[in-house]
>>> print(open('model-v7.cif').read())   # mmCIF, C-alpha atoms and all ligand atoms
data_start
#
loop_
_atom_site.label_atom_id
_atom_site.label_comp_id
_atom_site.auth_asym_id
_atom_site.auth_seq_id
_atom_site.Cartn_x
_atom_site.Cartn_y
_atom_site.Cartn_z
CA MET A 49 0.00 0.00 0.00
CA ILE A 50 1.32 3.42 -0.80
CA SER A 51 -1.82 5.34 -0.14
CA PRO A 52 -2.09 7.26 3.11
CA LYS A 53 -3.07 4.71 5.70
CA SER A 54 -5.76 4.93 8.25
CA PRO A 55 -4.28 6.22 11.52
CA GLY A 56 -2.54 3.47 13.39
CA SER A 57 -2.24 1.06 10.45
CA VAL A 58 1.54 1.54 10.43
CA GLY A 59 3.44 1.51 13.69
CA LEU A 60 5.54 4.51 14.53
CA PRO A 61 8.91 3.79 13.01
CA ASN A 62 12.01 3.45 15.10
CA PRO A 63 13.52 6.94 14.64
CA ASN A 64 17.07 5.61 14.40
CA ALA A 65 16.21 3.04 11.74
CA ALA A 66 14.16 5.58 9.82
CA GLY A 67 16.97 8.12 9.87
CA LEU A 68 19.52 5.54 8.73
CA ALA A 69 17.33 4.31 5.87
CA TYR A 70 16.67 7.89 4.80
CA ARG A 71 20.35 8.88 4.85
CA ALA A 72 21.44 5.74 3.00
CA VAL A 73 19.00 6.13 0.12
CA ARG A 74 19.58 9.87 -0.24
CA ALA A 75 23.38 9.43 -0.20
CA GLU A 76 23.17 6.76 -2.90
CA SER A 77 21.51 9.19 -5.34
CA GLU A 78 24.29 11.71 -4.83
CA ALA A 79 26.94 9.00 -5.19
CA LEU A 80 25.44 8.01 -8.56
CA ALA A 81 25.65 11.64 -9.70
CA ALA A 82 29.19 12.15 -8.37
CA PRO A 83 31.07 11.01 -11.53
CA LEU A 84 29.10 13.50 -13.64
CA THR A 85 29.87 17.11 -14.56
CA PRO A 86 27.29 19.88 -14.02
CA GLU A 87 26.82 19.91 -17.83
CA ASP A 88 26.09 16.15 -17.83
CA CYS A 89 23.51 16.73 -15.11
CA ALA A 90 21.64 19.46 -16.99
CA LEU A 91 20.98 17.77 -20.34
CA GLN A 92 17.93 15.81 -21.49
CA SER A 93 18.43 13.44 -24.43
CA MET A 94 14.75 12.74 -25.21
CA PRO A 95 11.28 13.46 -23.77
CA ASP A 96 11.17 10.11 -21.92
CA ALA A 97 14.43 10.82 -20.11
CA SER A 98 15.12 13.52 -17.53
CA PRO A 99 18.24 15.44 -16.59
CA VAL A 100 20.12 14.08 -13.56
CA LYS A 101 19.64 17.46 -11.91
CA TRP A 102 15.90 17.08 -12.30
CA HIS A 103 15.95 13.57 -10.76
CA LEU A 104 17.91 14.91 -7.77
CA ALA A 105 15.48 17.79 -7.32
CA HIS A 106 12.23 15.90 -7.97
CA THR A 107 12.99 13.18 -5.41
CA THR A 108 13.61 16.00 -2.91
CA TRP A 109 10.39 17.73 -3.94
CA PHE A 110 8.55 14.51 -3.08
CA PHE A 111 9.63 14.65 0.59
CA GLU A 112 9.13 18.40 0.78
CA THR A 113 5.64 18.31 -0.72
CA PHE A 114 4.18 15.14 0.77
CA VAL A 115 5.93 15.06 4.18
CA LEU A 116 7.37 18.40 5.32
CA ALA A 117 4.66 20.74 3.98
CA GLU A 118 1.94 18.37 5.20
CA LEU A 119 3.42 18.02 8.70
CA ASP A 120 4.14 21.69 9.33
CA ALA A 121 1.98 24.51 7.98
CA HIS A 122 4.87 26.87 8.77
CA TYR A 123 7.53 24.87 6.93
CA THR A 124 9.71 27.25 4.92
CA SER A 125 10.29 25.91 1.45
CA PHE A 126 13.72 26.30 -0.14
CA ASP A 127 12.16 28.01 -3.17
CA PRO A 128 8.37 28.23 -3.67
CA GLY A 129 8.85 28.05 -7.46
CA PHE A 130 10.16 24.49 -7.16
CA ARG A 131 6.63 23.29 -6.39
CA VAL A 132 5.80 23.56 -10.10
CA LEU A 133 9.28 23.03 -11.55
CA PHE A 134 9.84 19.61 -9.95
CA ASN A 135 6.28 18.26 -9.87
CA SER A 136 6.37 15.30 -12.27
CA TYR A 137 2.73 14.40 -12.85
CA TYR A 138 0.69 15.09 -9.70
CA ASN A 139 -2.34 17.02 -10.93
CA SER A 140 -3.69 17.17 -7.38
CA VAL A 141 -0.61 19.18 -6.34
CA GLY A 142 -1.07 21.59 -9.23
CA GLU A 143 0.68 22.84 -12.31
CA GLN A 144 3.74 21.07 -13.76
CA TYR A 145 6.64 22.28 -15.86
CA PRO A 146 6.44 20.40 -19.22
CA ARG A 147 8.37 17.14 -19.15
CA PRO A 148 9.97 17.37 -22.63
CA ALA A 149 11.48 20.76 -21.69
CA ARG A 150 13.23 19.70 -18.47
CA GLY A 151 16.58 19.93 -20.25
CA LEU A 152 16.06 23.66 -20.83
CA LEU A 153 16.35 24.45 -17.13
CA SER A 154 19.88 25.81 -16.83
CA ARG A 155 18.72 27.33 -13.53
CA PRO A 156 18.60 26.25 -10.76
CA SER A 157 22.21 25.17 -11.08
CA LEU A 158 23.41 21.78 -9.92
CA GLY A 159 24.88 23.50 -6.86
CA GLU A 160 21.51 25.02 -6.03
CA VAL A 161 19.80 21.64 -6.44
CA LEU A 162 22.31 20.06 -4.06
CA ALA A 163 21.66 22.91 -1.58
CA TYR A 164 17.92 22.17 -1.97
CA ARG A 165 18.64 18.56 -1.09
CA GLY A 166 20.57 19.67 1.99
CA HIS A 167 17.73 21.97 3.11
CA VAL A 168 15.13 19.22 2.83
CA ASP A 169 17.43 16.59 4.33
CA ARG A 170 18.03 18.68 7.46
CA ALA A 171 14.29 19.20 7.92
CA MET A 172 13.59 15.51 7.27
CA GLN A 173 16.25 14.37 9.74
CA ALA A 174 14.64 16.57 12.37
CA VAL A 175 11.15 15.15 11.83
CA LEU A 176 12.47 11.58 11.62
CA ALA A 177 14.37 12.02 14.89
CA ALA A 178 11.24 13.37 16.56
CA GLY A 179 9.15 10.38 15.39
CA LEU A 180 6.49 10.48 12.73
CA PRO A 181 2.74 10.09 12.75
CA ALA A 182 1.66 6.91 11.01
CA GLU A 183 0.42 8.60 7.82
CA SER A 184 3.72 10.40 7.31
CA ALA A 185 5.78 7.29 8.05
CA GLY A 186 4.06 5.53 5.15
CA ILE A 187 4.81 8.46 2.83
CA VAL A 188 8.47 8.58 3.89
CA GLU A 189 8.73 4.89 3.10
CA LEU A 190 7.12 5.48 -0.29
CA GLY A 191 9.48 8.41 -0.86
CA LEU A 192 12.52 6.19 -0.31
CA HIS A 193 11.27 3.58 -2.80
CA HIS A 194 10.39 6.41 -5.17
CA GLU A 195 13.96 7.69 -4.91
CA GLN A 196 15.32 4.20 -5.65
CA GLN A 197 13.19 4.11 -8.80
CA HIS A 198 14.71 7.42 -9.83
CA GLN A 199 18.22 6.08 -9.13
CA GLU A 200 17.60 3.45 -11.81
CA LEU A 201 16.16 6.08 -14.16
CA LEU A 202 19.14 8.34 -13.51
CA LEU A 203 21.48 5.63 -14.80
CA THR A 204 19.36 4.68 -17.81
CA ASP A 205 18.95 8.36 -18.70
CA VAL A 206 22.70 9.05 -18.39
CA LYS A 207 23.40 6.06 -20.62
CA HIS A 208 20.98 7.37 -23.25
CA LEU A 209 22.51 10.84 -22.99
CA PHE A 210 26.09 9.60 -23.34
CA ALA A 211 25.11 7.42 -26.30
CA GLN A 212 24.23 10.61 -28.24
CA ASN A 213 27.83 11.81 -27.97
CA PRO A 214 30.08 10.47 -30.77
CA ARG A 215 32.95 10.36 -28.28
CA LEU A 216 30.96 7.76 -26.29
CA PRO A 217 31.76 9.05 -22.79
CA VAL A 218 32.45 6.60 -20.00
CA TYR A 219 30.37 6.80 -16.84
CA ARG A 220 32.36 4.20 -14.89
CA PRO A 221 35.78 3.25 -16.26
CA THR A 222 35.87 -0.30 -14.99
CA TRP A 223 34.56 -3.40 -16.63
CA PRO A 224 34.31 -6.27 -14.20
CA LEU A 225 33.43 -8.84 -16.80
CA THR A 226 35.13 -12.21 -16.62
CA ALA A 227 34.98 -14.96 -19.20
CA VAL A 228 32.27 -17.44 -18.36
CA GLN A 229 31.14 -20.76 -19.63
CA PRO A 230 27.83 -20.68 -21.46
CA ALA A 231 25.16 -22.08 -19.19
CA ALA A 232 23.29 -25.22 -20.15
CA ARG A 233 19.79 -24.06 -21.00
CA GLU A 234 16.61 -26.02 -20.47
CA TRP A 235 12.85 -25.75 -20.24
CA ILE A 236 11.39 -25.99 -16.74
CA ALA A 237 7.91 -27.43 -16.34
CA TYR A 238 5.29 -25.93 -13.99
CA ALA A 239 2.01 -27.66 -13.23
CA GLY A 240 0.05 -24.41 -12.78
CA GLY A 241 -3.29 -24.69 -10.99
CA LEU A 242 -5.07 -22.27 -8.70
CA GLU A 243 -2.46 -20.05 -7.02
CA SER A 244 -2.27 -16.80 -5.06
CA PHE A 245 -0.57 -13.77 -6.60
CA GLY A 246 0.32 -10.28 -5.51
CA HIS A 247 1.51 -8.82 -2.24
CA ARG A 248 -0.34 -9.38 1.00
CA ASP A 249 -1.48 -6.31 2.87
CA ARG A 250 1.53 -4.90 4.61
CA ALA A 251 1.90 -5.00 8.36
CA ALA A 252 3.90 -2.44 10.31
CA THR A 253 7.24 -2.06 8.55
CA ALA A 254 9.28 0.42 10.59
CA LEU A 255 10.77 1.62 7.30
CA GLU A 256 12.29 -1.74 6.44
CA LEU A 257 12.86 -1.45 2.73
CA ALA A 258 12.54 -5.22 2.26
CA ALA A 259 8.97 -5.32 3.65
CA PHE A 260 7.57 -2.64 1.37
CA ALA A 261 5.22 -3.06 -1.60
CA PHE A 262 3.64 -0.53 -3.95
CA ASP A 263 -0.14 -0.35 -4.11
CA ASN A 264 -0.20 -1.87 -7.61
CA GLU A 265 1.16 -5.17 -6.22
CA GLY A 266 -2.07 -5.90 -4.36
CA PRO A 267 -4.54 -6.96 -3.32
CA GLN A 268 -3.42 -10.57 -3.15
CA HIS A 269 -5.81 -12.69 -5.21
CA GLN A 270 -6.10 -16.08 -6.87
CA ALA A 271 -5.72 -16.99 -10.52
CA PHE A 272 -5.72 -20.28 -12.40
CA LEU A 273 -2.71 -21.15 -14.56
CA ALA A 274 -2.60 -23.89 -17.18
CA PRO A 275 0.58 -26.03 -17.16
CA PHE A 276 3.47 -24.17 -18.78
CA LEU A 277 7.19 -24.30 -19.55
CA LEU A 278 9.60 -21.50 -18.68
CA ALA A 279 13.12 -21.06 -20.06
CA SER A 280 15.85 -21.53 -17.47
CA HIS A 281 17.68 -18.37 -18.68
CA PRO A 282 16.87 -15.08 -20.35
CA VAL A 283 17.33 -14.79 -24.12
CA THR A 284 20.97 -13.92 -24.85
CA ASN A 285 22.73 -11.57 -27.25
CA GLY A 286 23.81 -14.63 -29.23
CA ASP A 287 20.19 -15.76 -29.54
CA PHE A 288 19.19 -12.32 -30.73
CA ILE A 289 22.00 -12.15 -33.30
CA ALA A 290 20.54 -15.36 -34.81
CA PHE A 291 17.11 -13.68 -34.98
CA ILE A 292 18.62 -10.69 -36.79
CA ALA A 293 20.61 -12.93 -39.14
CA ASP A 294 17.41 -14.79 -40.01
CA GLY A 295 15.78 -11.53 -41.12
CA GLY A 296 13.84 -11.05 -37.90
CA TYR A 297 13.50 -7.29 -38.36
CA ARG A 298 12.41 -7.70 -42.01
CA ARG A 299 9.66 -10.30 -41.61
CA PRO A 300 6.23 -8.75 -40.93
CA ASP A 301 4.79 -12.20 -40.11
CA LEU A 302 6.75 -12.15 -36.83
CA TRP A 303 5.44 -8.82 -35.60
CA LEU A 304 2.31 -7.42 -34.02
CA ALA A 305 0.78 -4.74 -36.26
CA LEU A 306 1.81 -1.92 -33.92
CA GLY A 307 5.26 -3.48 -33.61
CA TRP A 308 5.74 -3.63 -37.39
CA ASP A 309 4.64 0.01 -37.56
CA ALA A 310 7.32 0.84 -34.98
CA VAL A 311 10.00 -1.07 -36.93
CA GLN A 312 9.15 0.96 -40.06
CA ARG A 313 8.76 4.27 -38.29
CA GLU A 314 11.88 4.00 -36.11
CA GLY A 315 14.05 2.08 -38.58
CA TRP A 316 14.87 -0.59 -35.97
CA SER A 317 17.28 -3.28 -37.16
CA ALA A 318 18.84 -4.31 -33.81
CA PRO A 319 18.39 -3.56 -30.09
CA LEU A 320 19.07 -0.01 -28.94
CA TYR A 321 22.82 0.83 -28.69
CA TRP A 322 23.91 -2.03 -30.97
CA ARG A 323 26.07 -1.35 -33.98
CA GLN A 324 27.95 -3.61 -36.31
CA GLU A 325 31.55 -2.92 -37.33
CA ASP A 326 33.38 -5.31 -39.63
CA LYS A 327 30.72 -7.95 -38.93
CA ARG A 328 31.43 -7.60 -35.19
CA TRP A 329 28.58 -6.52 -32.98
CA GLN A 330 29.31 -3.83 -30.44
CA THR A 331 27.10 -2.14 -27.90
CA PHE A 332 27.29 0.93 -25.72
CA THR A 333 27.51 0.51 -21.97
CA LEU A 334 28.01 2.75 -18.96
CA HIS A 335 31.65 1.67 -19.26
CA GLY A 336 31.79 2.92 -22.88
CA ALA A 337 31.68 0.89 -26.09
CA ALA A 338 32.11 -2.88 -25.70
CA ASP A 339 31.96 -6.05 -27.77
CA LEU A 340 28.71 -7.91 -27.29
CA ASP A 341 28.99 -10.91 -25.01
CA PRO A 342 26.97 -13.60 -26.82
CA HIS A 343 26.18 -15.34 -23.51
CA ALA A 344 24.87 -12.27 -21.67
CA PRO A 345 21.13 -11.50 -21.63
CA VAL A 346 19.98 -9.28 -24.48
CA THR A 347 18.81 -5.88 -23.29
CA HIS A 348 17.36 -2.60 -24.55
CA VAL A 349 14.63 -4.35 -26.52
CA SER A 350 11.06 -3.10 -26.67
CA PHE A 351 8.04 -5.25 -25.89
CA PHE A 352 7.47 -5.46 -29.64
CA GLU A 353 10.97 -6.86 -30.24
CA ALA A 354 10.62 -9.28 -27.33
CA ASP A 355 7.28 -10.48 -28.69
CA ALA A 356 8.62 -10.88 -32.25
CA TYR A 357 11.67 -12.78 -31.01
CA ALA A 358 9.45 -15.14 -29.01
CA ARG A 359 7.30 -15.83 -32.08
CA TRP A 360 10.43 -16.51 -34.16
CA ALA A 361 11.62 -18.92 -31.45
CA GLU A 362 8.26 -20.76 -31.57
CA ALA A 363 7.55 -19.69 -28.02
CA ARG A 364 5.83 -16.80 -26.25
CA LEU A 365 6.43 -14.37 -23.44
CA PRO A 366 5.34 -15.55 -19.97
CA THR A 367 2.39 -13.94 -18.27
CA GLU A 368 3.22 -11.97 -15.16
CA TYR A 369 1.54 -14.69 -13.09
CA GLU A 370 3.72 -17.39 -14.63
CA TRP A 371 6.81 -15.29 -13.91
CA GLU A 372 5.76 -14.68 -10.30
CA LEU A 373 4.98 -18.35 -9.67
CA ALA A 374 8.45 -19.32 -10.92
CA ALA A 375 10.23 -16.56 -8.94
CA ARG A 376 8.54 -16.44 -5.60
CA ASP A 377 10.51 -19.17 -3.83
CA LEU A 378 13.88 -18.18 -5.29
CA PRO A 379 16.48 -16.16 -3.34
CA ARG A 380 16.41 -12.50 -4.26
CA ALA A 381 19.95 -12.60 -5.59
CA GLY A 382 21.44 -11.51 -8.87
CA ASN A 383 23.36 -8.84 -10.74
CA PHE A 384 21.94 -5.62 -9.25
CA VAL A 385 23.37 -2.10 -9.13
CA GLU A 386 25.50 -3.10 -6.15
CA SER A 387 27.63 -5.42 -8.35
CA GLY A 388 29.03 -2.37 -10.12
CA ALA A 389 28.70 -4.06 -13.51
CA LEU A 390 25.84 -1.75 -14.59
CA HIS A 391 25.31 -4.15 -17.47
CA PRO A 392 23.70 -7.59 -17.82
CA LEU A 393 26.19 -10.42 -17.42
CA ALA A 394 26.31 -14.05 -18.47
CA THR A 395 25.60 -16.47 -15.65
CA ARG A 396 28.63 -16.94 -13.48
CA GLU A 397 27.42 -19.96 -11.60
CA ARG A 398 25.97 -23.19 -12.71
CA GLY A 399 22.45 -23.03 -11.36
CA MET A 400 20.47 -25.73 -9.66
CA PRO A 401 18.96 -27.99 -12.36
CA GLY A 402 15.22 -27.50 -12.54
CA LEU A 403 15.30 -23.93 -11.19
CA PRO A 404 15.26 -20.81 -13.39
CA GLN A 405 18.39 -18.61 -13.29
CA GLN A 406 18.76 -14.82 -13.45
CA MET A 407 15.11 -14.20 -12.59
CA TYR A 408 16.30 -11.27 -10.48
CA GLY A 409 18.66 -8.59 -11.71
CA ASP A 410 20.43 -8.34 -15.09
CA VAL A 411 17.37 -7.41 -17.20
CA TRP A 412 13.74 -6.53 -16.57
CA GLU A 413 11.78 -9.27 -18.29
CA TRP A 414 8.89 -8.27 -20.52
CA THR A 415 5.73 -10.27 -19.89
CA GLN A 416 2.72 -10.66 -22.15
CA SER A 417 0.54 -9.12 -19.39
CA ALA A 418 -0.96 -5.70 -19.87
CA TYR A 419 -0.45 -3.40 -16.89
CA LEU A 420 -3.91 -3.48 -15.36
CA PRO A 421 -5.32 -3.19 -11.84
CA TYR A 422 -5.52 -6.42 -9.87
CA PRO A 423 -9.06 -7.37 -8.80
CA GLY A 424 -10.08 -5.09 -5.94
CA PHE A 425 -7.30 -2.52 -6.53
CA GLN A 426 -8.12 0.90 -5.14
CA PRO A 427 -5.70 3.81 -5.49
CA GLY A 428 -5.48 5.86 -2.32
CA PRO A 429 -7.18 9.22 -1.92
CA GLY A 430 -5.45 12.47 -2.77
CA ALA A 431 -2.31 13.23 -4.72
CA ILE A 432 -0.37 10.14 -3.67
CA GLY A 433 -3.08 7.98 -5.27
CA GLU A 434 -1.75 9.25 -8.61
CA TYR A 435 1.50 7.32 -8.08
CA ASN A 436 0.63 4.12 -9.99
CA GLY A 437 -3.06 3.72 -10.69
CA LYS A 438 -3.48 6.35 -13.38
CA PHE A 439 -0.93 4.65 -15.64
CA MET A 440 -2.90 1.43 -16.01
CA ALA A 441 -3.43 1.63 -19.79
CA SER A 442 -1.22 1.08 -22.86
CA GLN A 443 1.75 -0.37 -20.95
CA MET A 444 3.07 -3.88 -20.34
CA VAL A 445 4.37 -5.42 -17.12
CA LEU A 446 8.06 -6.23 -16.64
CA ARG A 447 9.37 -8.31 -13.77
CA GLY A 448 12.55 -9.06 -11.85
CA GLY A 449 14.66 -5.89 -11.73
CA SER A 450 17.84 -5.15 -13.65
CA CYS A 451 21.56 -4.53 -13.33
CA VAL A 452 20.81 -0.95 -12.26
CA THR A 453 18.06 -1.78 -9.74
CA PRO A 454 19.00 -1.57 -6.04
CA GLN A 455 18.75 -5.08 -4.59
CA ALA A 456 16.54 -4.02 -1.68
CA HIS A 457 14.10 -2.50 -4.15
CA ILE A 458 12.93 -5.65 -5.92
CA ARG A 459 10.72 -8.60 -4.96
CA ALA A 460 8.68 -11.35 -6.63
CA THR A 461 5.47 -9.30 -6.69
CA TYR A 462 7.07 -6.10 -8.08
CA ARG A 463 5.29 -4.85 -11.21
CA ASN A 464 7.29 -2.49 -13.38
CA PHE A 465 5.61 -1.09 -16.49
CA PHE A 466 6.63 0.69 -19.66
CA PRO A 467 5.05 1.57 -23.02
CA LEU A 468 5.36 -1.12 -25.68
CA ALA A 469 7.97 0.68 -27.78
CA ALA A 470 10.25 1.77 -24.89
CA ARG A 471 13.84 0.54 -25.28
CA TRP A 472 16.05 2.70 -23.08
CA GLN A 473 15.45 0.71 -19.91
CA PHE A 474 17.45 -2.47 -19.24
CA SER A 475 14.61 -4.58 -20.64
CA GLY A 476 15.04 -8.13 -21.96
CA LEU A 477 13.01 -11.30 -22.11
CA ARG A 478 12.65 -14.95 -21.14
CA LEU A 479 10.65 -17.43 -23.18
CA ALA A 480 7.67 -19.51 -22.13
CA ARG A 481 5.59 -22.18 -23.84
CA ASP A 482 2.34 -23.94 -23.16
CA ALA A 483 3.06 -27.36 -21.72
CA PRO A 484 2.69 -30.06 -24.41
FE FE A 501 8.87 10.47 -9.57
#
>>> encode(input="model-v7.cif", output="structure tokens")
Amino acid sequence: MISPKSPGSVGLPNPNAAGLAYRAVRAESEALAAPLTPEDCALQSMPDASPVKWHLAHTTWFFETFVLAELDAHYTSFDPGFRVLFNSYYNSVGEQYPRPARGLLSRPSLGEVLAYRGHVDRAMQAVLAAGLPAESAGIVELGLHHEQQHQELLLTDVKHLFAQNPRLPVYRPTWPLTAVQPAAREWIAYAGGLESFGHRDRAATALELAAFAFDNEGPQHQAFLAPFLLASHPVTNGDFIAFIADGGYRRPDLWLALGWDAVQREGWSAPLYWRQEDKRWQTFTLHGAADLDPHAPVTHVSFFEADAYARWAEARLPTEYEWELAARDLPRAGNFVESGALHPLATRERGMPGLPQQMYGDVWEWTQSAYLPYPGFQPGPGAIGEYNGKFMASQMVLRGGSCVTPQAHIRATYRNFFPLAARWQFSGLRLARDAP
């Protein structure tokens, strides 16, 4: 639940734990921005992406608007104009500066945005130390998960920005890849049946990041699944090269109508960031240009490309229920932002036979499920109810987190969502089939 809770539904958080969680998440955002110049932080490469400076300010705006201003009618804002400038999409809060023009904001400077963060952080530390009413504790918790979402966006947006520069700038000049053996791949059979899906109503969490769930992950409910097969590993770069070599991007029979339109309109002939030089495929990473690892999961594909690949492979994408059933008993381990790779990697360990590998981390996995409300879903009242519910049309669900997702941010019930043609996230796929 992210909506404001009825009084008493969340226990008062332990002030020390709350302060620690707050400081850790806020510091991580600034650490991610640290390798960047002020010029890097100001630019916007496309309407879907935002400048780093905007991410740093907007996540601060969230705490200022929904916690500090709500708690204290006499709270002194850092700059009253920021209420519009850094409001992303909350119509209940009021006017918003147009999203595609965020890169035109040379002022406030990066230094001023960092001072804004300091102003809000000092006020937040004071209210956290004093102890929060239950409603505000829930919003602080939401604000921390919101900031983690923006940490992932910050990295994907920087990657897209750097990819526009012919000098291919390097965000992190290390490349911790090691040669790995290709994993043995198999189909794993699931019996299906009547199962429960989604997150149970949350109990008191005391700002424990691991216990949190967004409102769109509930209510928990039952659904019936027919027997199915799930691939043990995500589709790899090598797999996708075979699809391209077989004319995958030139065969309309493989594509949904809207997908074929996108191929024509956008001129797609490979995943985003791929380019071929002397018959050698290269890609762009946050470590600069790199040869494609044929054993690593393919990434930066749209839903349309994932769907076309699955059809070519005589398979299909899993539903989000199938994915969740396969993931829910697995350890939440994988290649997350903490690994430092910032890129999907081939499996480094031989997995347990009969269990799917790389369900968490590496790449968000497109599912064939439209992003819709679960039965009984109710967005909360007021502005915070705009967080997830109003986007439940024209997007598809992705599961599992990626190589730029914080580990504590993901779980089996987590529902990410993006439009069908989006490619700049670390999105990949895993195949499924109906059981024979
Ligand atoms: Fe946001």
>>> residues_near_ligand(input="model-v7.cif", ligand="ligand FE 501 (chain A)", cutoff="10 Å", atoms="all atoms listed in the file", output="PyMOL selection string")
chain A and resi 103+106-110+134-138+191+193-198+201+435
>>> atom_distance(input="model-v7.cif", atom1="atom CA of A:Arg74", atom2="atom CA of A:Trp472")
24.2 Å
>>> closest_residue(input="model-v7.cif", among="A:Gly240, A:Pro379, A:Gly409, A:Pro421", to="A:Asn264", atoms="all atoms listed in the file")
A:Pro421
>>> residues_near_point(input="model-v7.cif", point="(4.6, 11.1, 8.5)", cutoff="10 Å", atoms="only C-alpha atoms", output="MDAnalysis selection string")
chainID A and resid 52 60:61 114:116 118:119 175:176 179:189
>>> write_last_selection(input="model-v7.cif", atoms="C-alpha atoms", output="short mmCIF file (atom, residue, chain, number, x, y, z; two decimals), in the frame of the given file")
data_model
loop_
_atom_site.label_atom_id
_atom_site.label_comp_id
_atom_site.auth_asym_id
_atom_site.auth_seq_id
_atom_site.Cartn_x
_atom_site.Cartn_y
_atom_site.Cartn_z
CA PRO A 52 -2.09 7.26 3.11
CA LEU A 60 5.54 4.51 14.53
CA PRO A 61 8.91 3.79 13.01
CA PHE A 114 4.18 15.14 0.77
CA VAL A 115 5.93 15.06 4.18
CA LEU A 116 7.37 18.40 5.32
CA GLU A 118 1.94 18.37 5.20
CA LEU A 119 3.42 18.02 8.70
CA VAL A 175 11.15 15.15 11.83
CA LEU A 176 12.47 11.58 11.62
CA GLY A 179 9.15 10.38 15.39
CA LEU A 180 6.49 10.48 12.73
CA PRO A 181 2.74 10.09 12.75
CA ALA A 182 1.66 6.91 11.01
CA GLU A 183 0.42 8.60 7.82
CA SER A 184 3.72 10.40 7.31
CA ALA A 185 5.78 7.29 8.05
CA GLY A 186 4.06 5.53 5.15
CA ILE A 187 4.81 8.46 2.83
CA VAL A 188 8.47 8.58 3.89
CA GLU A 189 8.73 4.89 3.10
#
>>> closest_residue(input="model-v7.cif", among="A:Ala290, A:Leu91, A:Ala344, A:Leu190", to="A:Asp205", atoms="all atoms listed in the file")
A:Leu91
>>> closest_residue(input="model-v7.cif", among="A:Val132, A:Ala381, A:Val161, A:Ala354", to="A:Leu446", atoms="only C-alpha atoms")
A:Ala354
